[in-house]
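**Student:** I am sharing protein-v9.pdb, which consists of PDB, C-alpha atoms and all ligand atoms:
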```pdb
ATOM      1  CA  PRO J   1     241.020  56.278  90.565
ATOM      2  CA  ARG J   2     242.676  58.226  93.386
ATOM      3  CA  ALA J   3     245.601  60.506  92.550
ATOM      4  CA  THR J   4     248.452  58.881  94.439
ATOM      5  CA  VAL J   5     252.134  59.408  95.151
ATOM      6  CA  ILE J   6     254.365  56.604  96.412
ATOM      7  CA  ASP J   7     257.235  57.722  98.656
ATOM      8  CA  THR J   8     259.600  54.780  98.991
ATOM      9  CA  ASP J   9     263.066  53.303  99.591
ATOM     10  CA  PRO J  10     263.008  50.119  97.443
ATOM     11  CA  GLY J  11     263.671  47.649  99.131
ATOM     12  CA  ILE J  12     262.298  44.129  98.534
ATOM     13  CA  ASP J  13     258.854  44.622 100.075
ATOM     14  CA  ASP J  14     258.638  48.158  98.662
ATOM     15  CA  ALA J  15     259.041  46.617  95.202
ATOM     16  CA  VAL J  16     256.194  44.133  95.770
ATOM     17  CA  ALA J  17     254.023  46.974  97.094
ATOM     18  CA  ILE J  18     254.757  49.182  94.064
ATOM     19  CA  LEU J  19     254.048  46.375  91.570
ATOM     20  CA  PHE J  20     250.775  45.717  93.381
ATOM     21  CA  ALA J  21     249.793  49.410  93.212
ATOM     22  CA  LEU J  22     250.704  49.643  89.517
ATOM     23  CA  ASN J  23     248.357  46.714  88.857
ATOM     24  CA  SER J  24     245.460  48.240  90.801
ATOM     25  CA  PRO J  25     243.258  50.564  88.721
ATOM     26  CA  GLU J  26     242.036  52.297  91.899
ATOM     27  CA  PHE J  27     245.389  54.132  92.047
ATOM     28  CA  ASP J  28     246.388  56.804  89.550
ATOM     29  CA  ILE J  29     250.102  56.970  90.350
ATOM     30  CA  HIS J  30     251.348  60.483  89.616
ATOM     31  CA  CYS J  31     254.958  59.939  90.611
ATOM     32  CA  ILE J  32     257.327  57.969  92.794
ATOM     33  CA  THR J  33     259.488  59.939  95.205
ATOM     34  CA  THR J  34     262.454  58.192  96.755
ATOM     35  CA  VAL J  35     264.202  58.378 100.091
ATOM     36  CA  ALA J  36     267.353  56.815 101.508
ATOM     37  CA  GLY J  37     266.504  53.957 103.856
ATOM     38  CA  ASN J  38     266.933  50.321 102.959
ATOM     39  CA  ILE J  39     269.887  51.449 100.873
ATOM     40  CA  GLY J  40     271.385  54.769  99.679
ATOM     41  CA  ILE J  41     269.401  57.286  97.628
ATOM     42  CA  THR J  42     271.147  56.527  94.327
ATOM     43  CA  THR J  43     270.131  52.881  94.574
ATOM     44  CA  THR J  44     266.586  53.418  95.872
ATOM     45  CA  THR J  45     266.027  55.890  93.024
ATOM     46  CA  ARG J  46     267.468  53.554  90.415
ATOM     47  CA  ASN J  47     265.351  50.729  91.836
ATOM     48  CA  ALA J  48     262.166  52.791  91.480
ATOM     49  CA  GLY J  49     263.051  53.211  87.795
ATOM     50  CA  ARG J  50     263.815  49.504  87.431
ATOM     51  CA  ILE J  51     260.445  48.546  88.946
ATOM     52  CA  LEU J  52     258.643  50.929  86.571
ATOM     53  CA  ALA J  53     260.606  49.488  83.634
ATOM     54  CA  LEU J  54     259.532  45.954  84.571
ATOM     55  CA  ALA J  55     255.921  47.111  84.836
ATOM     56  CA  GLU J  56     256.254  48.935  81.498
ATOM     57  CA  ARG J  57     255.251  52.240  83.093
ATOM     58  CA  PRO J  58     258.305  54.433  82.303
ATOM     59  CA  GLU J  59     256.054  57.488  81.922
ATOM     60  CA  ILE J  60     255.598  57.698  85.708
ATOM     61  CA  PRO J  61     258.181  60.216  86.931
ATOM     62  CA  VAL J  62     260.734  59.248  89.579
ATOM     63  CA  ILE J  63     262.039  62.096  91.723
ATOM     64  CA  ALA J  64     264.907  61.587  94.132
ATOM     65  CA  GLY J  65     264.441  62.859  97.687
ATOM     66  CA  ALA J  66     266.366  62.932 100.944
ATOM     67  CA  LYS J  67     269.766  61.289 100.819
ATOM     68  CA  GLU J  68     270.019  61.183 104.591
ATOM     69  CA  PRO J  69     267.777  61.464 107.649
ATOM     70  CA  LEU J  70     266.949  64.951 109.012
ATOM     71  CA  SER J  71     269.721  64.957 111.572
ATOM     72  CA  ARG J  72     271.411  61.558 111.961
ATOM     73  CA  LYS J  73     273.322  58.978 109.959
ATOM     74  CA  GLY J  74     271.481  56.339 107.929
ATOM     75  CA  PHE J  75     271.377  52.577 108.590
ATOM     76  CA  ASP J  76     273.067  49.875 106.544
ATOM     77  CA  THR J  77     270.585  47.119 105.633
ATOM     78  CA  ALA J  78     272.429  45.405 102.777
ATOM     79  CA  ASP J  79     272.139  42.129 104.715
ATOM     80  CA  ILE J  80     268.336  42.148 104.329
ATOM     81  CA  HIS J  81     267.741  43.754 100.941
ATOM     82  CA  GLY J  82     271.043  42.809  99.231
ATOM     83  CA  ASN J  83     273.736  45.105  97.781
ATOM     84  CA  ASP J  84     271.303  46.190  95.067
ATOM     85  CA  GLY J  85     268.365  46.720  97.462
ATOM     86  CA  LEU J  86     266.242  44.189  95.556
ATOM     87  CA  GLY J  87     267.703  40.935  96.837
ATOM     88  CA  GLY J  88     269.619  40.308  93.602
ATOM     89  CA  VAL J  89     266.378  39.730  91.665
ATOM     90  CA  VAL J  90     266.811  40.496  87.959
ATOM     91  CA  PHE J  91     265.095  43.735  86.890
ATOM     92  CA  PRO J  92     265.522  45.733  83.674
ATOM     93  CA  GLU J  93     267.380  49.015  83.868
ATOM     94  CA  PRO J  94     265.286  52.214  84.160
ATOM     95  CA  ALA J  95     263.723  53.090  80.809
ATOM     96  CA  ALA J  96     263.674  56.826  81.579
ATOM     97  CA  PRO J  97     266.049  59.249  83.295
ATOM     98  CA  ILE J  98     264.979  60.520  86.704
ATOM     99  CA  ALA J  99     262.635  63.495  86.467
ATOM    100  CA  GLY J 100     264.296  65.516  89.215
ATOM    101  CA  ASP J 101     266.105  65.488  92.521
ATOM    102  CA  ASP J 102     263.825  67.716  94.589
ATOM    103  CA  ALA J 103     261.142  65.286  95.745
ATOM    104  CA  VAL J 104     259.843  67.679  98.395
ATOM    105  CA  GLY J 105     259.415  70.586  95.970
ATOM    106  CA  TRP J 106     257.757  68.231  93.474
ATOM    107  CA  LEU J 107     255.316  66.980  96.133
ATOM    108  CA  ALA J 108     254.454  70.549  97.162
ATOM    109  CA  ARG J 109     253.804  71.560  93.560
ATOM    110  CA  LEU J 110     251.676  68.493  92.901
ATOM    111  CA  LEU J 111     249.596  69.185  96.019
ATOM    112  CA  ASP J 112     249.137  72.826  95.017
ATOM    113  CA  GLU J 113     247.997  71.802  91.520
ATOM    114  CA  THR J 114     245.529  69.194  92.801
ATOM    115  CA  LYS J 115     242.181  69.972  94.421
ATOM    116  CA  PRO J 116     242.515  69.942  98.228
ATOM    117  CA  GLY J 117     241.968  66.475  99.643
ATOM    118  CA  MET J 118     242.344  64.706  96.309
ATOM    119  CA  LEU J 119     245.985  63.534  96.425
ATOM    120  CA  ASP J 120     247.065  60.617  98.626
ATOM    121  CA  ILE J 121     250.576  59.713  99.746
ATOM    122  CA  LEU J 122     251.582  56.096 100.349
ATOM    123  CA  ALA J 123     254.792  56.154 102.393
ATOM    124  CA  LEU J 124     256.923  52.999 102.480
ATOM    125  CA  GLY J 125     260.202  54.252 103.933
ATOM    126  CA  PRO J 126     261.659  56.618 106.526
ATOM    127  CA  LEU J 127     259.500  59.769 106.788
ATOM    128  CA  THR J 128     262.264  62.240 105.877
ATOM    129  CA  ASN J 129     260.664  63.650 102.699
ATOM    130  CA  ILE J 130     257.268  63.976 104.351
ATOM    131  CA  ALA J 131     258.767  65.751 107.372
ATOM    132  CA  ARG J 132     260.509  68.219 105.050
ATOM    133  CA  LEU J 133     257.224  68.785 103.242
ATOM    134  CA  VAL J 134     255.554  69.542 106.592
ATOM    135  CA  MET J 135     258.340  71.921 107.632
ATOM    136  CA  ASP J 136     258.986  73.705 104.329
ATOM    137  CA  HIS J 137     255.516  73.684 102.697
ATOM    138  CA  PRO J 138     252.885  73.728 105.472
ATOM    139  CA  SER J 139     250.082  75.081 103.266
ATOM    140  CA  SER J 140     250.694  72.401 100.586
ATOM    141  CA  THR J 141     250.776  69.747 103.309
ATOM    142  CA  ARG J 142     247.271  70.738 104.411
ATOM    143  CA  ARG J 143     245.995  69.737 100.944
ATOM    144  CA  ILE J 144     246.943  66.034 101.383
ATOM    145  CA  GLY J 145     243.922  63.748 101.009
ATOM    146  CA  ARG J 146     245.270  61.012 103.193
ATOM    147  CA  ILE J 147     248.626  59.559 104.006
ATOM    148  CA  VAL J 148     249.201  55.910 104.819
ATOM    149  CA  ALA J 149     252.639  55.018 106.175
ATOM    150  CA  MET J 150     254.289  51.737 107.136
ATOM    151  CA  GLY J 151     256.155  52.150 110.385
ATOM    152  CA  GLY J 152     256.467  51.533 114.092
ATOM    153  CA  ALA J 153     255.730  48.788 116.575
ATOM    154  CA  VAL J 154     252.979  49.552 119.074
ATOM    155  CA  ARG J 155     252.538  46.506 121.353
ATOM    156  CA  GLU J 156     254.776  44.070 119.485
ATOM    157  CA  PRO J 157     258.583  43.966 119.599
ATOM    158  CA  GLY J 158     260.515  46.011 117.048
ATOM    159  CA  ASN J 159     262.691  44.730 114.228
ATOM    160  CA  VAL J 160     265.810  46.884 114.661
ATOM    161  CA  GLY J 161     265.659  47.316 118.436
ATOM    162  CA  PRO J 162     263.622  45.796 121.261
ATOM    163  CA  ARG J 163     260.796  48.274 120.538
ATOM    164  CA  ALA J 164     261.992  50.073 117.404
ATOM    165  CA  GLU J 165     260.894  49.481 113.817
ATOM    166  CA  PHE J 166     263.180  50.303 110.890
ATOM    167  CA  ASN J 167     261.328  53.143 109.103
ATOM    168  CA  ILE J 168     260.840  55.117 112.313
ATOM    169  CA  ALA J 169     264.268  54.249 113.745
ATOM    170  CA  ALA J 170     265.959  55.331 110.500
ATOM    171  CA  ASP J 171     264.686  58.883 111.077
ATOM    172  CA  PRO J 172     262.906  59.327 114.426
ATOM    173  CA  GLU J 173     263.028  63.130 114.224
ATOM    174  CA  ALA J 174     261.153  62.989 110.907
ATOM    175  CA  ALA J 175     258.509  60.683 112.369
ATOM    176  CA  ALA J 176     258.045  63.044 115.324
ATOM    177  CA  VAL J 177     257.464  65.980 112.943
ATOM    178  CA  VAL J 178     254.976  64.022 110.818
ATOM    179  CA  PHE J 179     253.045  62.609 113.796
ATOM    180  CA  ALA J 180     252.654  66.081 115.326
ATOM    181  CA  ALA J 181     251.495  67.726 112.091
ATOM    182  CA  GLY J 182     247.782  66.913 112.386
ATOM    183  CA  LEU J 183     247.790  65.092 109.022
ATOM    184  CA  PRO J 184     245.091  62.624 107.914
ATOM    185  CA  LEU J 185     247.610  59.873 108.675
ATOM    186  CA  THR J 186     247.126  56.143 109.116
ATOM    187  CA  LEU J 187     250.129  54.267 110.453
ATOM    188  CA  ILE J 188     250.531  50.570 109.587
ATOM    189  CA  PRO J 189     252.822  49.126 112.267
ATOM    190  CA  LEU J 190     254.624  45.783 112.566
ATOM    191  CA  ASP J 191     251.787  44.583 114.842
ATOM    192  CA  VAL J 192     249.693  44.312 111.677
ATOM    193  CA  THR J 193     252.245  43.729 108.890
ATOM    194  CA  ARG J 194     253.589  40.670 110.713
ATOM    195  CA  LYS J 195     250.136  39.096 110.285
ATOM    196  CA  VAL J 196     250.235  39.346 106.471
ATOM    197  CA  ARG J 197     252.693  36.552 105.732
ATOM    198  CA  ALA J 198     253.771  34.781 102.571
ATOM    199  CA  THR J 199     254.569  31.081 102.649
ATOM    200  CA  ARG J 200     256.602  29.158 100.066
ATOM    201  CA  GLY J 201     253.299  27.869  98.696
ATOM    202  CA  TYR J 202     252.184  31.463  98.167
ATOM    203  CA  ILE J 203     255.379  32.144  96.217
ATOM    204  CA  THR J 204     254.864  29.062  94.049
ATOM    205  CA  ALA J 205     251.282  30.033  93.252
ATOM    206  CA  MET J 206     252.343  33.541  92.352
ATOM    207  CA  ARG J 207     255.112  32.328  90.097
ATOM    208  CA  LYS J 208     252.675  30.025  88.300
ATOM    209  CA  ALA J 209     250.538  33.048  87.429
ATOM    210  CA  GLY J 210     253.223  33.820  84.885
ATOM    211  CA  ARG J 211     252.896  37.601  84.598
ATOM    212  CA  PRO J 212     256.140  39.585  84.945
ATOM    213  CA  ALA J 213     254.876  41.401  88.085
ATOM    214  CA  ALA J 214     253.847  38.114  89.696
ATOM    215  CA  ILE J 215     257.113  36.359  88.837
ATOM    216  CA  ALA J 216     259.188  39.310  90.070
ATOM    217  CA  SER J 217     257.163  39.444  93.306
ATOM    218  CA  ALA J 218     257.657  35.709  93.799
ATOM    219  CA  ASP J 219     261.417  36.145  93.298
ATOM    220  CA  LEU J 220     261.505  39.120  95.675
ATOM    221  CA  ILE J 221     259.672  37.312  98.468
ATOM    222  CA  ASP J 222     261.868  34.280  97.840
ATOM    223  CA  ALA J 223     264.923  36.509  98.357
ATOM    224  CA  TYR J 224     263.409  37.584 101.685
ATOM    225  CA  PHE J 225     263.384  33.922 102.748
ATOM    226  CA  HIS J 226     267.137  33.798 102.184
ATOM    227  CA  THR J 227     268.033  37.052 103.922
ATOM    228  CA  THR J 228     265.768  36.972 106.994
ATOM    229  CA  ALA J 229     264.946  34.366 109.608
ATOM    230  CA  GLY J 230     261.309  33.588 110.318
ATOM    231  CA  GLY J 231     260.384  29.941 109.931
ATOM    232  CA  GLU J 232     257.741  28.941 107.393
ATOM    233  CA  SER J 233     256.629  32.406 106.268
ATOM    234  CA  ARG J 234     257.715  36.036 105.850
ATOM    235  CA  PRO J 235     255.853  39.280 106.608
ATOM    236  CA  LEU J 236     254.883  41.574 103.732
ATOM    237  CA  HIS J 237     255.300  44.953 105.432
ATOM    238  CA  ASP J 238     254.995  47.595 102.728
ATOM    239  CA  PRO J 239     252.240  45.936 100.640
ATOM    240  CA  CYS J 240     250.001  46.448 103.710
ATOM    241  CA  VAL J 241     250.031  50.200 102.987
ATOM    242  CA  MET J 242     248.544  49.656  99.536
ATOM    243  CA  LEU J 243     246.176  47.022 100.902
ATOM    244  CA  TYR J 244     244.906  49.454 103.515
ATOM    245  CA  ALA J 245     244.494  52.238 100.951
ATOM    246  CA  LEU J 246     242.509  49.882  98.728
ATOM    247  CA  ARG J 247     240.510  47.949 101.302
ATOM    248  CA  PRO J 248     240.426  49.742 104.676
ATOM    249  CA  ASP J 249     237.599  47.380 105.627
ATOM    250  CA  LEU J 250     240.185  44.579 105.941
ATOM    251  CA  PHE J 251     241.799  46.485 108.828
ATOM    252  CA  GLY J 252     240.733  47.634 112.269
ATOM    253  CA  CYS J 253     242.182  50.939 113.520
ATOM    254  CA  GLU J 254     242.493  52.842 116.776
ATOM    255  CA  GLN J 255     243.267  56.512 117.423
ATOM    256  CA  LEU J 256     246.481  56.976 119.400
ATOM    257  CA  GLY J 257     249.035  59.674 120.193
ATOM    258  CA  PHE J 258     252.716  58.738 120.373
ATOM    259  CA  SER J 259     255.961  60.119 121.597
ATOM    260  CA  VAL J 260     258.927  59.005 119.485
ATOM    261  CA  ASP J 261     262.214  58.121 121.162
ATOM    262  CA  CYS J 262     264.729  60.468 119.518
ATOM    263  CA  GLY J 263     267.668  59.307 121.617
ATOM    264  CA  ALA J 264     270.758  57.443 120.469
ATOM    265  CA  GLY J 265     270.211  54.061 122.182
ATOM    266  CA  ALA J 266     268.672  50.766 121.096
ATOM    267  CA  ASP J 267     265.213  52.264 121.625
ATOM    268  CA  ALA J 268     265.794  55.094 119.136
ATOM    269  CA  GLY J 269     262.626  55.241 117.071
ATOM    270  CA  ALA J 270     260.537  53.360 119.636
ATOM    271  CA  LEU J 271     256.946  54.594 119.968
ATOM    272  CA  THR J 272     255.330  55.144 123.351
ATOM    273  CA  ILE J 273     251.583  55.730 123.596
ATOM    274  CA  ASP J 274     251.135  59.283 124.851
ATOM    275  CA  PRO J 275     247.561  60.423 125.541
ATOM    276  CA  GLY J 276     248.749  64.043 125.384
ATOM    277  CA  ALA J 277     250.157  63.765 121.850
ATOM    278  CA  SER J 278     248.313  64.576 118.622
ATOM    279  CA  ARG J 279     246.283  61.504 117.648
ATOM    280  CA  ILE J 280     246.753  59.523 114.471
ATOM    281  CA  SER J 281     244.940  56.481 113.169
ATOM    282  CA  VAL J 282     246.875  53.252 113.757
ATOM    283  CA  ALA J 283     246.057  49.863 112.277
ATOM    284  CA  LYS J 284     245.515  47.284 115.012
ATOM    285  CA  THR J 285     244.014  44.254 113.234
ATOM    286  CA  VAL J 286     244.004  42.848 109.718
ATOM    287  CA  GLU J 287     242.189  40.049 107.930
ATOM    288  CA  GLY J 288     245.426  38.456 106.782
ATOM    289  CA  SER J 289     244.003  35.898 104.370
ATOM    290  CA  GLY J 290     241.770  38.457 102.625
ATOM    291  CA  ALA J 291     244.759  40.754 102.260
ATOM    292  CA  LEU J 292     246.960  37.984 100.821
ATOM    293  CA  THR J 293     244.280  36.906  98.367
ATOM    294  CA  LEU J 294     243.826  40.452  97.052
ATOM    295  CA  LEU J 295     247.579  40.945  96.676
ATOM    296  CA  ALA J 296     248.016  37.716  94.711
ATOM    297  CA  GLU J 297     244.969  38.396  92.527
ATOM    298  CA  ARG J 298     246.208  41.819  91.499
ATOM    299  CA  LEU J 299     249.786  40.722  90.841
ATOM    300  CA  ALA J 300     248.593  37.787  88.752
ATOM    301  CA  ASP J 301     246.069  39.793  86.746
TER     302      ASP J 301
HETATM  303  C1  LIG J 401     260.165  48.399 106.892
HETATM  304  O1  LIG J 401     261.581  48.465 106.851
HETATM  305  C2  LIG J 401     262.053  48.225 105.572
HETATM  306  O2  LIG J 401     263.164  47.417 105.599
HETATM  307  C3  LIG J 401     260.912  47.617 104.808
HETATM  308  O3  LIG J 401     261.002  47.983 103.436
HETATM  309  C4  LIG J 401     259.700  48.204 105.459
HETATM  310  O4  LIG J 401     259.368  49.460 104.892
HETATM  311  C5  LIG J 401     259.755  47.285 107.828
HETATM  312  O5  LIG J 401     260.205  47.571 109.118
HETATM  313 CA    CA J 402     260.310  50.219 102.761
END
```
Could you rewrite the structure in this file as structure tokens?
**Tutor:**
Amino acid sequence: PRATVIDTDPGIDDAVAILFALNSPEFDIHCITTVAGNIGITTTTRNAGRILALAERPEIPVIAGAKEPLSRKGFDTADIHGNDGLGGVVFPEPAAPIAGDDAVGWLARLLDETKPGMLDILALGPLTNIARLVMDHPSSTRRIGRIVAMGGAVREPGNVGPRAEFNIAADPEAAAVVFAAGLPLTLIPLDVTRKVRATRGYITAMRKAGRPAAIASADLIDAYFHTTAGGESRPLHDPCVMLYALRPDLFGCEQLGFSVDCGAGADAGALTIDPGASRISVAKTVEGSGALTLLAERLAD
């Protein structure tokens, strides 16, 4: 299994992604670091502990990270993820106290203790912690194996502005730092995550599987149906990060450089293809049905 850290702001789809990763033996999850995003840091951190309690994995440390973006105010997304960040779905309380409140220092130490190239980061929220890692611990950052991050809209419309996606818009300055850092980064944008969609039938099948992780995921996606518009199905954004890490062959990627809009308008966080910028790998296509099948199989197992 790959040594893996999940950096996250749970968040309904973060929770499904984490449960999926915990049920996938290919990942050896060393810790969960949290970031403010979908909701404040106290709640995202508590939610990470609640997800681990449900999965009966309280030994995995949770370390709190950035409570606000690098240099701007955070968003309020209670309308999408509920006042508790998990759509009101019932989860147990954390079974262990948090292991620390210096996520960035913890990440740097973990990278320094692990052979270069052998620790992966799966990033499901705003890139604040990762940007701080880049800025404060450049030599540790160079030891990252690979980083897969959900964020951005390349050719598709955004979800918080005409061209802006939430994770990048929540902290555009952080995204700009991370994109320019020359990291082994794959970005999973809305263009792809919108193609991995759960229907009500998918939820029913998952619930029938009967395992706690499957039932919780069914309830979480169900909550998404109530809080967001979208017709017959809903996109599973953050699980695509884990799906890519597990089965990159299900995705097609291109190498692109971006400039990030760091202004204050509706396009804050929008990405513009910039041939002069440092290139990163960006997912462009996905085999949606293969991805959905794998997700359901693992959650039901
Ligand atoms: C991203 O924003 C958050 O609300 C989701 O958890 C996901 O990480 C999608 O734009
Ligand atoms: Ca998220």
**Student:** Pick out the residues no farther than 12 Å from ligand CA 402 (chain J), counting all atoms listed in the file, and list them as a VMD selection string.
**Tutor:** chain J and resid 6 to 18 34 to 39 44 48 77 80 to 81 85 to 86 122 to 127 149 to 151 165 to 168 170 188 236 to 241
**Student:** Write out the residues from the selection above, keeping C-alpha atoms, as a PDB file, in the frame of the given file.
**Tutor:**
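Output below, filename selection03.pdb:
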```pdb
ATOM      1  CA  ILE J   6     254.365  56.604  96.412  1.00  0.00           C
ATOM      2  CA  ASP J   7     257.235  57.722  98.656  1.00  0.00           C
ATOM      3  CA  THR J   8     259.600  54.780  98.991  1.00  0.00           C
ATOM      4  CA  ASP J   9     263.066  53.303  99.591  1.00  0.00           C
ATOM      5  CA  PRO J  10     263.008  50.119  97.443  1.00  0.00           C
ATOM      6  CA  GLY J  11     263.671  47.649  99.131  1.00  0.00           C
ATOM      7  CA  ILE J  12     262.298  44.129  98.534  1.00  0.00           C
ATOM      8  CA  ASP J  13     258.854  44.622 100.075  1.00  0.00           C
ATOM      9  CA  ASP J  14     258.638  48.158  98.662  1.00  0.00           C
ATOM     10  CA  ALA J  15     259.041  46.617  95.202  1.00  0.00           C
ATOM     11  CA  VAL J  16     256.194  44.133  95.770  1.00  0.00           C
ATOM     12  CA  ALA J  17     254.023  46.974  97.094  1.00  0.00           C
ATOM     13  CA  ILE J  18     254.757  49.182  94.064  1.00  0.00           C
ATOM     14  CA  THR J  34     262.454  58.192  96.755  1.00  0.00           C
ATOM     15  CA  VAL J  35     264.202  58.378 100.091  1.00  0.00           C
ATOM     16  CA  ALA J  36     267.353  56.815 101.508  1.00  0.00           C
ATOM     17  CA  GLY J  37     266.504  53.957 103.856  1.00  0.00           C
ATOM     18  CA  ASN J  38     266.933  50.321 102.959  1.00  0.00           C
ATOM     19  CA  ILE J  39     269.887  51.449 100.873  1.00  0.00           C
ATOM     20  CA  THR J  44     266.586  53.418  95.872  1.00  0.00           C
ATOM     21  CA  ALA J  48     262.166  52.791  91.480  1.00  0.00           C
ATOM     22  CA  THR J  77     270.585  47.119 105.633  1.00  0.00           C
ATOM     23  CA  ILE J  80     268.336  42.148 104.329  1.00  0.00           C
ATOM     24  CA  HIS J  81     267.741  43.754 100.941  1.00  0.00           C
ATOM     25  CA  GLY J  85     268.365  46.720  97.462  1.00  0.00           C
ATOM     26  CA  LEU J  86     266.242  44.189  95.556  1.00  0.00           C
ATOM     27  CA  LEU J 122     251.582  56.096 100.349  1.00  0.00           C
ATOM     28  CA  ALA J 123     254.792  56.154 102.393  1.00  0.00           C
ATOM     29  CA  LEU J 124     256.923  52.999 102.480  1.00  0.00           C
ATOM     30  CA  GLY J 125     260.202  54.252 103.933  1.00  0.00           C
ATOM     31  CA  PRO J 126     261.659  56.618 106.526  1.00  0.00           C
ATOM     32  CA  LEU J 127     259.500  59.769 106.788  1.00  0.00           C
ATOM     33  CA  ALA J 149     252.639  55.018 106.175  1.00  0.00           C
ATOM     34  CA  MET J 150     254.289  51.737 107.136  1.00  0.00           C
ATOM     35  CA  GLY J 151     256.155  52.150 110.385  1.00  0.00           C
ATOM     36  CA  GLU J 165     260.894  49.481 113.817  1.00  0.00           C
ATOM     37  CA  PHE J 166     263.180  50.303 110.890  1.00  0.00           C
ATOM     38  CA  ASN J 167     261.328  53.143 109.103  1.00  0.00           C
ATOM     39  CA  ILE J 168     260.840  55.117 112.313  1.00  0.00           C
ATOM     40  CA  ALA J 170     265.959  55.331 110.500  1.00  0.00           C
ATOM     41  CA  ILE J 188     250.531  50.570 109.587  1.00  0.00           C
ATOM     42  CA  LEU J 236     254.883  41.574 103.732  1.00  0.00           C
ATOM     43  CA  HIS J 237     255.300  44.953 105.432  1.00  0.00           C
ATOM     44  CA  ASP J 238     254.995  47.595 102.728  1.00  0.00           C
ATOM     45  CA  PRO J 239     252.240  45.936 100.640  1.00  0.00           C
ATOM     46  CA  CYS J 240     250.001  46.448 103.710  1.00  0.00           C
ATOM     47  CA  VAL J 241     250.031  50.200 102.987  1.00  0.00           C
TER      48      VAL J 241
END
```
**Student:** Let me make sure I understand: among J:Ala153, J:Ala164, J:Leu185, J:Leu70, which one has the smallest atom-to-atom distance to Thr141 of chain J if we use all atoms listed in the file?
**Tutor:** J:Leu185
**Student:** With the file shown as input, list the residues that the PyMOL selection byres (((chain J and resi 101) around 8) and not hetatm) selects, as a PDB file with C-alpha atoms, keeping the file's coordinate frame.
**Tutor:**
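Writing the result to result-v7.pdb gives the following:
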```
ATOM      1  CA  ILE J  63     262.039  62.096  91.723  1.00  0.00           C
ATOM      2  CA  ALA J  64     264.907  61.587  94.132  1.00  0.00           C
ATOM      3  CA  GLY J  65     264.441  62.859  97.687  1.00  0.00           C
ATOM      4  CA  ILE J  98     264.979  60.520  86.704  1.00  0.00           C
ATOM      5  CA  ALA J  99     262.635  63.495  86.467  1.00  0.00           C
ATOM      6  CA  GLY J 100     264.296  65.516  89.215  1.00  0.00           C
ATOM      7  CA  ASP J 102     263.825  67.716  94.589  1.00  0.00           C
ATOM      8  CA  ALA J 103     261.142  65.286  95.745  1.00  0.00           C
TER       9      ALA J 103
END
```
**Student:** Using all atoms listed in the file, which of the listed residues (J:Leu22, J:Leu299, J:Val192, J:Val90) sits closest to ligand LIG 401 (chain J)?
**Tutor:**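 Closest candidate: J:Val192.
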**Student:** Put a box with edges along x, y and z around all the listed atoms of ligand LIG 401 (chain J), pad it by 5 Å on each side, then give me its centre and sizes in Å, one decimal, as lines of an AutoDock Vina configuration file.
**Tutor:**
```
center_x = 261.3
center_y = 48.4
center_z = 106.3
size_x = 13.8
size_y = 12.2
size_z = 15.7
```
**Student:** Quick one: segment 138-149 of chain J with N, CA and C atoms, as a compact mmCIF listing (two decimals), keeping the file's coordinate frame?
**Tutor:**
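The resulting file, out_31.txt, is shown below:
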```txt
# COMPACT_ATOMS: atom_id res chain seq x y z
N PRO J 138 254.04 74.06 104.63
CA PRO J 138 252.88 73.73 105.47
C PRO J 138 251.55 73.88 104.76
N SER J 139 251.40 74.90 103.89
CA SER J 139 250.08 75.08 103.27
C SER J 139 249.83 73.99 102.24
N SER J 140 250.86 73.52 101.52
CA SER J 140 250.69 72.40 100.59
C SER J 140 250.34 71.14 101.36
N THR J 141 251.00 70.94 102.49
CA THR J 141 250.78 69.75 103.31
C THR J 141 249.31 69.62 103.73
N ARG J 142 248.68 70.77 103.98
CA ARG J 142 247.27 70.74 104.41
C ARG J 142 246.34 70.27 103.30
N ARG J 143 246.83 70.17 102.07
CA ARG J 143 246.00 69.74 100.94
C ARG J 143 246.03 68.22 100.74
N ILE J 144 246.85 67.50 101.53
CA ILE J 144 246.94 66.03 101.38
C ILE J 144 245.57 65.41 101.65
N GLY J 145 245.17 64.46 100.79
CA GLY J 145 243.92 63.75 101.01
C GLY J 145 244.05 62.81 102.19
N ARG J 146 244.95 61.87 102.06
CA ARG J 146 245.27 61.01 103.19
C ARG J 146 246.69 60.49 102.99
N ILE J 147 247.29 60.14 104.08
CA ILE J 147 248.63 59.56 104.01
C ILE J 147 248.62 58.26 104.80
N VAL J 148 249.12 57.22 104.18
CA VAL J 148 249.20 55.91 104.82
C VAL J 148 250.69 55.56 104.86
N ALA J 149 251.20 55.24 106.04
CA ALA J 149 252.64 55.02 106.18
C ALA J 149 252.91 53.72 106.92
```
